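Source file run-v7.tsv; content: TSV, C-alpha atoms.
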chain	number	residue	atom	x	y	z
A	1	MET	CA	8.92	-11.18	3.16
A	2	ILE	CA	9.29	-7.70	4.61
A	3	ILE	CA	7.03	-5.92	7.07
A	4	ILE	CA	6.09	-2.44	5.82
A	5	PRO	CA	4.50	-0.06	8.33
A	6	ALA	CA	1.71	2.09	6.87
A	7	VAL	CA	1.68	5.85	7.30
A	8	ASP	CA	-1.75	6.93	6.03
A	9	ILE	CA	-2.15	10.71	5.91
A	10	GLN	CA	-5.42	12.61	6.19
A	11	GLY	CA	-5.40	16.34	6.86
A	12	GLY	CA	-1.68	16.21	7.64
A	13	LYS	CA	-2.12	13.60	10.40
A	14	VAL	CA	-1.48	9.86	10.57
A	15	VAL	CA	-4.79	8.03	10.68
A	16	ARG	CA	-6.27	4.62	10.04
A	17	LEU	CA	-9.62	4.13	8.36
A	18	THR	CA	-11.95	1.20	8.92
A	19	GLN	CA	-12.88	-0.55	5.66
A	20	GLY	CA	-11.83	2.56	3.77
A	21	LYS	CA	-14.53	4.73	5.37
A	22	PHE	CA	-13.28	8.30	5.54
A	23	ASN	CA	-15.68	9.21	8.36
A	24	GLU	CA	-14.23	6.44	10.54
A	25	ALA	CA	-10.67	7.67	10.99
A	26	THR	CA	-8.60	7.25	14.14
A	27	ILE	CA	-5.69	9.69	14.58
A	28	TYR	CA	-2.44	8.10	15.79
A	29	PHE	CA	0.21	10.77	15.17
A	30	PRO	CA	-0.20	14.52	14.57
A	31	ASN	CA	3.02	14.54	12.50
A	32	PRO	CA	3.57	11.77	9.91
A	33	GLU	CA	7.35	12.04	10.07
A	34	GLU	CA	7.25	11.03	13.75
A	35	ALA	CA	5.50	7.79	12.84
A	36	ALA	CA	7.97	7.07	10.04
A	37	GLN	CA	10.94	7.74	12.30
A	38	LYS	CA	9.50	5.46	14.98
A	39	TRP	CA	9.23	2.52	12.60
A	40	GLU	CA	12.68	3.18	11.13
A	41	THR	CA	14.19	3.23	14.62
A	42	LEU	CA	12.52	-0.10	15.39
A	43	GLY	CA	14.03	-1.67	12.27
A	44	ALA	CA	11.64	-1.07	9.37
A	45	GLN	CA	13.15	-1.55	5.92
A	46	ARG	CA	10.51	0.46	4.07
A	47	ILE	CA	7.60	2.84	4.77
A	48	HIS	CA	4.25	2.81	2.93
A	49	VAL	CA	2.73	6.30	2.67
A	50	VAL	CA	-0.79	6.94	1.39
A	51	ASP	CA	-2.30	10.37	0.83
A	52	LEU	CA	-5.90	9.53	1.75
A	53	ASP	CA	-7.13	12.99	0.78
A	54	GLY	CA	-5.43	12.56	-2.57
A	55	ALA	CA	-6.96	9.12	-3.11
A	56	LYS	CA	-10.40	10.58	-2.47
A	57	THR	CA	-10.08	13.73	-4.58
A	58	GLY	CA	-7.82	12.48	-7.35
A	59	GLU	CA	-5.17	15.09	-6.61
A	60	ILE	CA	-2.29	14.85	-4.11
A	61	LYS	CA	-3.15	17.07	-1.15
A	62	ASN	CA	-0.50	16.35	1.49
A	63	TRP	CA	2.67	17.26	-0.38
A	64	ASP	CA	4.34	18.86	2.65
A	65	SER	CA	3.65	15.87	4.90
A	66	ILE	CA	4.86	13.41	2.27
A	67	GLU	CA	8.06	15.37	1.75
A	68	ARG	CA	8.74	15.53	5.48
A	69	VAL	CA	8.33	11.76	5.78
A	70	ILE	CA	10.71	11.12	2.88
A	71	LYS	CA	13.31	13.54	4.21
A	72	SER	CA	13.05	12.30	7.82
A	73	VAL	CA	14.11	8.68	7.17
A	74	LYS	CA	16.95	6.91	5.42
A	75	ILE	CA	14.94	3.83	4.40
A	76	PRO	CA	12.97	3.63	1.13
A	77	VAL	CA	9.51	5.20	1.06
A	78	GLN	CA	6.74	4.12	-1.29
A	79	VAL	CA	3.97	6.64	-1.93
A	80	GLY	CA	0.41	6.27	-3.21
A	81	GLY	CA	-2.88	8.13	-3.19
A	82	GLY	CA	-4.06	10.59	-5.83
A	83	ILE	CA	-1.21	10.00	-8.28
A	84	ARG	CA	-2.91	10.58	-11.63
A	85	LYS	CA	-0.30	12.51	-13.66
A	86	LYS	CA	3.22	11.90	-14.93
A	87	GLU	CA	4.21	15.17	-13.25
A	88	ASP	CA	3.15	13.70	-9.88
A	89	VAL	CA	5.47	10.75	-10.41
A	90	GLU	CA	8.36	13.00	-11.40
A	91	LYS	CA	7.85	15.29	-8.41
A	92	LEU	CA	7.59	12.45	-5.88
A	93	LEU	CA	10.72	10.76	-7.21
A	94	GLY	CA	12.44	14.14	-7.18
A	95	LEU	CA	11.55	14.51	-3.50
A	96	GLY	CA	13.25	11.20	-2.82
A	97	ALA	CA	10.43	8.65	-2.92
A	98	LYS	CA	11.82	5.25	-3.92
A	99	TYR	CA	8.62	3.68	-5.21
A	100	ILE	CA	5.35	5.03	-6.64
A	101	VAL	CA	2.07	3.19	-6.14
A	102	ILE	CA	-0.65	3.74	-8.76
A	103	GLY	CA	-4.26	2.80	-7.96
A	104	THR	CA	-7.21	4.37	-9.79
A	105	LYS	CA	-5.28	5.07	-13.00
A	106	ALA	CA	-4.46	1.38	-13.29
A	107	VAL	CA	-8.17	0.74	-13.71
A	108	SER	CA	-9.02	3.67	-15.98
A	109	ASP	CA	-5.89	4.30	-18.03
A	110	LYS	CA	-3.69	1.32	-18.87
A	111	VAL	CA	-1.72	3.38	-21.41
A	112	PHE	CA	-0.69	5.83	-18.68
A	113	VAL	CA	0.56	3.01	-16.46
A	114	GLN	CA	2.44	1.44	-19.36
A	115	GLN	CA	4.16	4.76	-20.12
A	116	ILE	CA	5.37	5.45	-16.59
A	117	VAL	CA	6.36	1.82	-16.03
A	118	SER	CA	8.52	1.92	-19.16
A	119	GLN	CA	10.14	5.17	-18.01
A	120	TRP	CA	10.73	4.21	-14.36
A	121	GLN	CA	11.34	0.47	-14.53
A	122	GLY	CA	10.92	-1.24	-11.20
A	123	GLN	CA	9.89	1.88	-9.31
A	124	VAL	CA	6.20	1.89	-10.22
A	125	PHE	CA	3.90	-0.53	-8.44
A	126	VAL	CA	0.16	-0.96	-8.92
A	127	SER	CA	-2.22	-1.10	-5.99
A	128	ILE	CA	-5.25	-3.32	-6.49
A	129	ASP	CA	-7.81	-2.41	-3.85
A	130	THR	CA	-10.78	-4.73	-3.72
A	131	SER	CA	-13.87	-5.63	-1.76
A	132	HIS	CA	-15.53	-9.02	-2.21
A	133	GLY	CA	-13.62	-9.63	-5.44
A	134	ALA	CA	-14.46	-6.31	-7.14
A	135	VAL	CA	-11.79	-3.66	-7.72
A	136	LEU	CA	-12.46	-0.26	-6.12
A	137	GLU	CA	-11.20	3.11	-7.30
A	138	LYS	CA	-11.25	6.83	-6.42
A	139	GLY	CA	-10.32	6.40	-2.78
A	140	TRP	CA	-12.20	3.10	-2.50
A	141	LEU	CA	-15.47	4.96	-2.99
A	142	GLU	CA	-16.47	3.51	-6.38
A	143	VAL	CA	-16.89	-0.14	-7.35
A	144	THR	CA	-15.69	-1.08	-10.83
A	145	THR	CA	-16.50	-4.03	-13.06
A	146	LYS	CA	-12.88	-5.19	-12.88
A	147	LYS	CA	-12.00	-8.37	-11.01
A	148	THR	CA	-8.90	-8.66	-8.85
A	149	GLY	CA	-7.14	-11.40	-10.77
A	150	ASP	CA	-7.92	-9.94	-14.19
A	151	LEU	CA	-6.43	-6.55	-13.31
A	152	ALA	CA	-3.37	-8.12	-11.71
A	153	LYS	CA	-2.69	-10.16	-14.86
A	154	GLU	CA	-3.19	-7.10	-17.09
A	155	MET	CA	-0.70	-5.11	-15.04
A	156	GLN	CA	1.87	-7.89	-15.17
A	157	ASP	CA	1.45	-8.12	-18.94
A	158	ILE	CA	2.20	-4.41	-19.47
A	159	GLY	CA	5.40	-4.59	-17.42
A	160	VAL	CA	4.47	-3.77	-13.81
A	161	LYS	CA	7.11	-5.40	-11.59
A	162	GLN	CA	5.19	-5.56	-8.31
A	163	VAL	CA	1.56	-5.50	-7.19
A	164	VAL	CA	0.09	-4.32	-3.89
A	165	PHE	CA	-3.17	-6.08	-2.99
A	166	THR	CA	-5.45	-4.59	-0.33
A	167	ASP	CA	-8.69	-6.19	0.79
A	168	ILE	CA	-10.62	-3.07	1.79
A	169	SER	CA	-13.38	-5.10	3.42
A	170	ARG	CA	-10.79	-6.19	5.99
A	171	ASP	CA	-8.63	-3.08	6.14
A	172	GLY	CA	-8.56	-1.61	9.64
A	173	THR	CA	-10.80	-4.36	11.01
A	174	LEU	CA	-8.10	-6.64	12.51
A	175	ALA	CA	-10.13	-9.52	11.07
A	176	GLY	CA	-7.17	-11.34	9.52
A	177	PRO	CA	-5.91	-11.35	5.92
A	178	ASN	CA	-7.92	-12.78	3.02
A	179	LEU	CA	-5.74	-15.85	2.58
A	180	PRO	CA	-7.84	-17.56	-0.14
A	181	GLU	CA	-7.73	-14.48	-2.37
A	182	ILE	CA	-4.02	-13.93	-1.71
A	183	LYS	CA	-3.28	-17.54	-2.67
A	184	ARG	CA	-5.39	-17.18	-5.81
A	185	LEU	CA	-3.54	-14.02	-6.84
A	186	LEU	CA	-0.18	-15.70	-6.30
A	187	SER	CA	-1.28	-18.51	-8.59
A	188	ILE	CA	-2.26	-16.02	-11.33
A	189	ILE	CA	0.80	-13.75	-11.42
A	190	ASN	CA	4.51	-14.45	-11.24
A	191	ILE	CA	5.67	-11.02	-10.07
A	192	PRO	CA	6.16	-10.20	-6.36
A	193	LEU	CA	3.02	-9.44	-4.37
A	194	ILE	CA	2.66	-7.15	-1.33
A	195	VAL	CA	-0.52	-7.57	0.69
A	196	ALA	CA	-2.49	-5.44	3.14
A	197	GLY	CA	-5.75	-5.54	5.01
A	198	GLY	CA	-6.79	-7.26	8.22
A	199	VAL	CA	-3.38	-8.45	9.47
A	200	SER	CA	-3.74	-8.41	13.26
A	201	THR	CA	-1.65	-11.12	14.92
A	202	ILE	CA	1.73	-12.80	14.74
A	203	ASP	CA	-0.15	-15.94	13.71
A	204	ASP	CA	-1.46	-14.07	10.65
A	205	LEU	CA	2.14	-13.30	9.75
A	206	ARG	CA	3.16	-16.94	10.19
A	207	LYS	CA	0.47	-17.98	7.70
A	208	LEU	CA	1.56	-15.30	5.24
A	209	LYS	CA	5.23	-16.23	5.68
A	210	GLU	CA	4.38	-19.69	4.32
A	211	LEU	CA	3.39	-18.01	1.04
A	212	GLU	CA	6.79	-16.38	0.57
A	213	LYS	CA	7.87	-19.29	-1.61
A	214	ASP	CA	4.95	-18.52	-3.93
A	215	GLY	CA	5.93	-14.89	-4.44
A	216	LEU	CA	4.64	-13.03	-1.39
A	217	ALA	CA	7.23	-10.27	-0.95
A	218	GLY	CA	5.82	-8.04	1.76
A	219	VAL	CA	3.02	-7.22	4.18
A	220	ILE	CA	1.77	-3.71	4.89
A	221	ILE	CA	0.50	-3.32	8.45
A	222	GLY	CA	-1.23	-0.32	9.97
A	223	LYS	CA	-3.75	-0.53	12.78
A	224	ALA	CA	-2.28	-3.66	14.38
A	225	LEU	CA	1.07	-1.90	14.81
A	226	TYR	CA	-0.36	1.40	15.99
A	227	GLU	CA	-2.55	-0.31	18.58
A	228	GLY	CA	0.09	-2.75	19.76
A	229	LYS	CA	-1.69	-5.89	18.55
A	230	ILE	CA	1.54	-6.92	16.85
A	231	ASP	CA	4.95	-6.30	18.36
A	232	PHE	CA	6.94	-4.89	15.47
A	233	GLN	CA	10.29	-6.33	16.47
A	234	GLU	CA	8.77	-9.77	17.05
A	235	ALA	CA	7.29	-9.49	13.54
A	236	LEU	CA	10.68	-8.58	12.11
A	237	LYS	CA	12.29	-11.53	13.81
A	238	LEU	CA	9.69	-13.86	12.32
A	239	CYS	CA	9.96	-12.48	8.82

Mind turning the file's structure into structure tokens?
Amino acid sequence: MIIIPAVDIQGGKVVRLTQGKFNEATIYFPNPEEAAQKWETLGAQRIHVVDLDGAKTGEIKNWDSIERVIKSVKIPVQVGGGIRKKEDVEKLLGLGAKYIVIGTKAVSDKVFVQQIVSQWQGQVFVSIDTSHGAVLEKGWLEVTTKKTGDLAKEMQDIGVKQVVFTDISRDGTLAGPNLPEIKRLLSIINIPLIVAGGVSTIDDLRKLKELEKDGLAGVIIGKALYEGKIDFQEALKLC
């Protein structure tokens, strides 16, 4: 199980939202590449970048910031937020992104996901962002009729090799991960799962570490790292 620091970009700055609310953003770094370099220096094995403006508008907005992050570190970078076209995937991979994370299009266009998964085997993940069991889309602003487990199974069936699960109701709250839902997802799919949302203590990581045997491959952490609630190197040692 790897620890993946989050670098969420809004208006070119590193921020964290609370429960996905765009009007409740806290700025942590004026330059995203500085955040990425900090985590790499401390031992991170991967960086998770989200274009929040892109997720909201449906079109990648922070190209320059994303490119600077990718070019500033030697470790793999996974990028999500506003990726709705094949050309976006091609451009991001061309810039040096290692993994692409698809969100909204996984809900609305399964054929699109199937096409890019078949072309870039193993490099395309799907992000399932939910609140109280319902999948959200379009920057977590719209609730869909899809259920978490159903979408995860659909994505596995069309060839997706890894799923990212975020509980938006806990994201940025430091309220702890949604362990019951994570366990349920792990029982439904047999591909690796990365989780995010609410992780705030080393004890949270200990509980998640126990699920590694069931397919939990990674944990994305944002606010808890930026506010010093979790010591990153202690987390690395544990995991």

Practice item. Choose the residue, out of A:Val49, A:Val101, A:Val7, A:Ala36, that has the smallest atom-to-atom separation from Val73 (chain A); count only C-alpha atoms. Key: A:Ala36

Exercise for review: Would you list the contacts of region 165-169 of chain A as a list of chain:residue names, taking every protein, DNA or RNA residue within 6 Å and counting only C-alpha atoms, but skipping same-chain residues closer than 2 positions in sequence?
Suggested key: A:Gln19, A:Ser127, A:Ile128, A:Asp129, A:Thr130, A:Ser131, A:Asp171, A:Val195, A:Ala196, A:Gly197

Exercise for review: Would you work out the distance separating CA of Gln162 (chain A) from CA of Gly218 (chain A), expressed in Å to one decimal?
Suggested key: 10.4 Å

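Considering all atoms listed in the file, the residue among A:Gly198, A:Gly176, A:Ile3, A:Val163 positioned nearest to Leu17 (chain A) is A:Gly198.
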
Review point. At what distance in Å, to one decimal, does CA of Asp51 (chain A) lie from CA of Gly80 (chain A)?
Key: 6.4 Å

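Closest to Ile102 (chain A) among A:Ala134, A:Ile75, A:Leu185, A:Val164 is A:Val164, based on only C-alpha atoms.
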
Practice item. Have a look at CA of Glu33 (chain A) and CA of Leu216 (chain A) and let me know their distance in Å, one decimal. Key: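 One can read the CA of Glu33 (chain A) to CA of Leu216 (chain A) distance as 27.7 Å.
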
Review point. Which residue out of A:Ser72, A:Thr41, A:Thr148, A:Asn31 has the minimum interatomic distance to Ile188 (chain A) when all atoms listed in the file are used?
Key: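 Selected residue with least distance to Ile188 (chain A): A:Thr148.
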
Study note, to complete from the structure: Judged by only C-alpha atoms, the minimum distance to Lys223 (chain A) among A:Gln121, A:Gln156, A:Gln37, A:Thr201 is found for A:Thr201

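These residues, each with an atom at most 6 Å from (3.8, 3.4, -7.9) using all atoms listed in the file, are Tyr99, Ile100, Val101, Ile102, Val124, Phe125 and Val126 of chain A.
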
Practice item. Go through A:Glu24, A:Glu34, A:Asp150, A:Asp204 one by one, measure the shortest atom-to-atom distance of each to Val219 (chain A) using all atoms listed in the file, and give the residue with the smallest value. Key: A:Asp204

Point to revise | Exercise: Leu95 (chain A) partners within 7 Å, all atoms listed in the file, chain neighbours under 3 positions left out, as a PyMOL selection string | key: chain A and resi 67+91-92

Will you model N, CA and C atoms for region 99-116 of chain A and pass it back as a PDB file, in the frame of the given file?
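After the write, rebuild_29.pdb holds the following:
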ATOM      1  N   TYR A  99       9.619   4.389  -4.410  1.00  0.00           N
ATOM      2  CA  TYR A  99       8.620   3.680  -5.210  1.00  0.00           C
ATOM      3  C   TYR A  99       7.328   4.495  -5.284  1.00  0.00           C
ATOM      4  N   ILE A 100       6.619   4.355  -6.413  1.00  0.00           N
ATOM      5  CA  ILE A 100       5.350   5.030  -6.640  1.00  0.00           C
ATOM      6  C   ILE A 100       4.265   3.956  -6.780  1.00  0.00           C
ATOM      7  N   VAL A 101       3.147   4.171  -6.109  1.00  0.00           N
ATOM      8  CA  VAL A 101       2.070   3.190  -6.140  1.00  0.00           C
ATOM      9  C   VAL A 101       0.848   3.809  -6.818  1.00  0.00           C
ATOM     10  N   ILE A 102       0.474   3.248  -7.961  1.00  0.00           N
ATOM     11  CA  ILE A 102      -0.650   3.740  -8.760  1.00  0.00           C
ATOM     12  C   ILE A 102      -1.887   2.888  -8.471  1.00  0.00           C
ATOM     13  N   GLY A 103      -3.032   3.525  -8.242  1.00  0.00           N
ATOM     14  CA  GLY A 103      -4.260   2.800  -7.960  1.00  0.00           C
ATOM     15  C   GLY A 103      -5.318   3.010  -9.018  1.00  0.00           C
ATOM     16  N   THR A 104      -6.080   4.100  -8.895  1.00  0.00           N
ATOM     17  CA  THR A 104      -7.210   4.370  -9.790  1.00  0.00           C
ATOM     18  C   THR A 104      -6.809   4.377 -11.263  1.00  0.00           C
ATOM     19  N   LYS A 105      -5.684   4.982 -11.587  1.00  0.00           N
ATOM     20  CA  LYS A 105      -5.280   5.070 -13.000  1.00  0.00           C
ATOM     21  C   LYS A 105      -4.993   3.709 -13.612  1.00  0.00           C
ATOM     22  N   ALA A 106      -4.682   2.725 -12.765  1.00  0.00           N
ATOM     23  CA  ALA A 106      -4.460   1.380 -13.290  1.00  0.00           C
ATOM     24  C   ALA A 106      -5.753   0.797 -13.841  1.00  0.00           C
ATOM     25  N   VAL A 107      -6.864   1.211 -13.257  1.00  0.00           N
ATOM     26  CA  VAL A 107      -8.170   0.740 -13.710  1.00  0.00           C
ATOM     27  C   VAL A 107      -8.618   1.498 -14.952  1.00  0.00           C
ATOM     28  N   SER A 108      -8.416   2.816 -14.943  1.00  0.00           N
ATOM     29  CA  SER A 108      -9.020   3.670 -15.980  1.00  0.00           C
ATOM     30  C   SER A 108      -8.107   3.996 -17.152  1.00  0.00           C
ATOM     31  N   ASP A 109      -6.796   3.831 -16.989  1.00  0.00           N
ATOM     32  CA  ASP A 109      -5.890   4.300 -18.030  1.00  0.00           C
ATOM     33  C   ASP A 109      -4.642   3.416 -18.103  1.00  0.00           C
ATOM     34  N   LYS A 110      -4.791   2.286 -18.768  1.00  0.00           N
ATOM     35  CA  LYS A 110      -3.690   1.320 -18.870  1.00  0.00           C
ATOM     36  C   LYS A 110      -2.505   1.905 -19.645  1.00  0.00           C
ATOM     37  N   VAL A 111      -2.786   2.768 -20.615  1.00  0.00           N
ATOM     38  CA  VAL A 111      -1.720   3.380 -21.410  1.00  0.00           C
ATOM     39  C   VAL A 111      -0.832   4.244 -20.520  1.00  0.00           C
ATOM     40  N   PHE A 112      -1.446   5.000 -19.608  1.00  0.00           N
ATOM     41  CA  PHE A 112      -0.690   5.830 -18.680  1.00  0.00           C
ATOM     42  C   PHE A 112       0.252   4.983 -17.843  1.00  0.00           C
ATOM     43  N   VAL A 113      -0.270   3.892 -17.295  1.00  0.00           N
ATOM     44  CA  VAL A 113       0.560   3.010 -16.460  1.00  0.00           C
ATOM     45  C   VAL A 113       1.711   2.446 -17.281  1.00  0.00           C
ATOM     46  N   GLN A 114       1.401   2.013 -18.501  1.00  0.00           N
ATOM     47  CA  GLN A 114       2.440   1.440 -19.360  1.00  0.00           C
ATOM     48  C   GLN A 114       3.549   2.447 -19.626  1.00  0.00           C
ATOM     49  N   GLN A 115       3.177   3.711 -19.830  1.00  0.00           N
ATOM     50  CA  GLN A 115       4.160   4.760 -20.120  1.00  0.00           C
ATOM     51  C   GLN A 115       5.090   5.005 -18.934  1.00  0.00           C
ATOM     52  N   ILE A 116       4.510   5.130 -17.737  1.00  0.00           N
ATOM     53  CA  ILE A 116       5.370   5.450 -16.590  1.00  0.00           C
ATOM     54  C   ILE A 116       6.163   4.222 -16.135  1.00  0.00           C
TER      55      ILE A 116
END
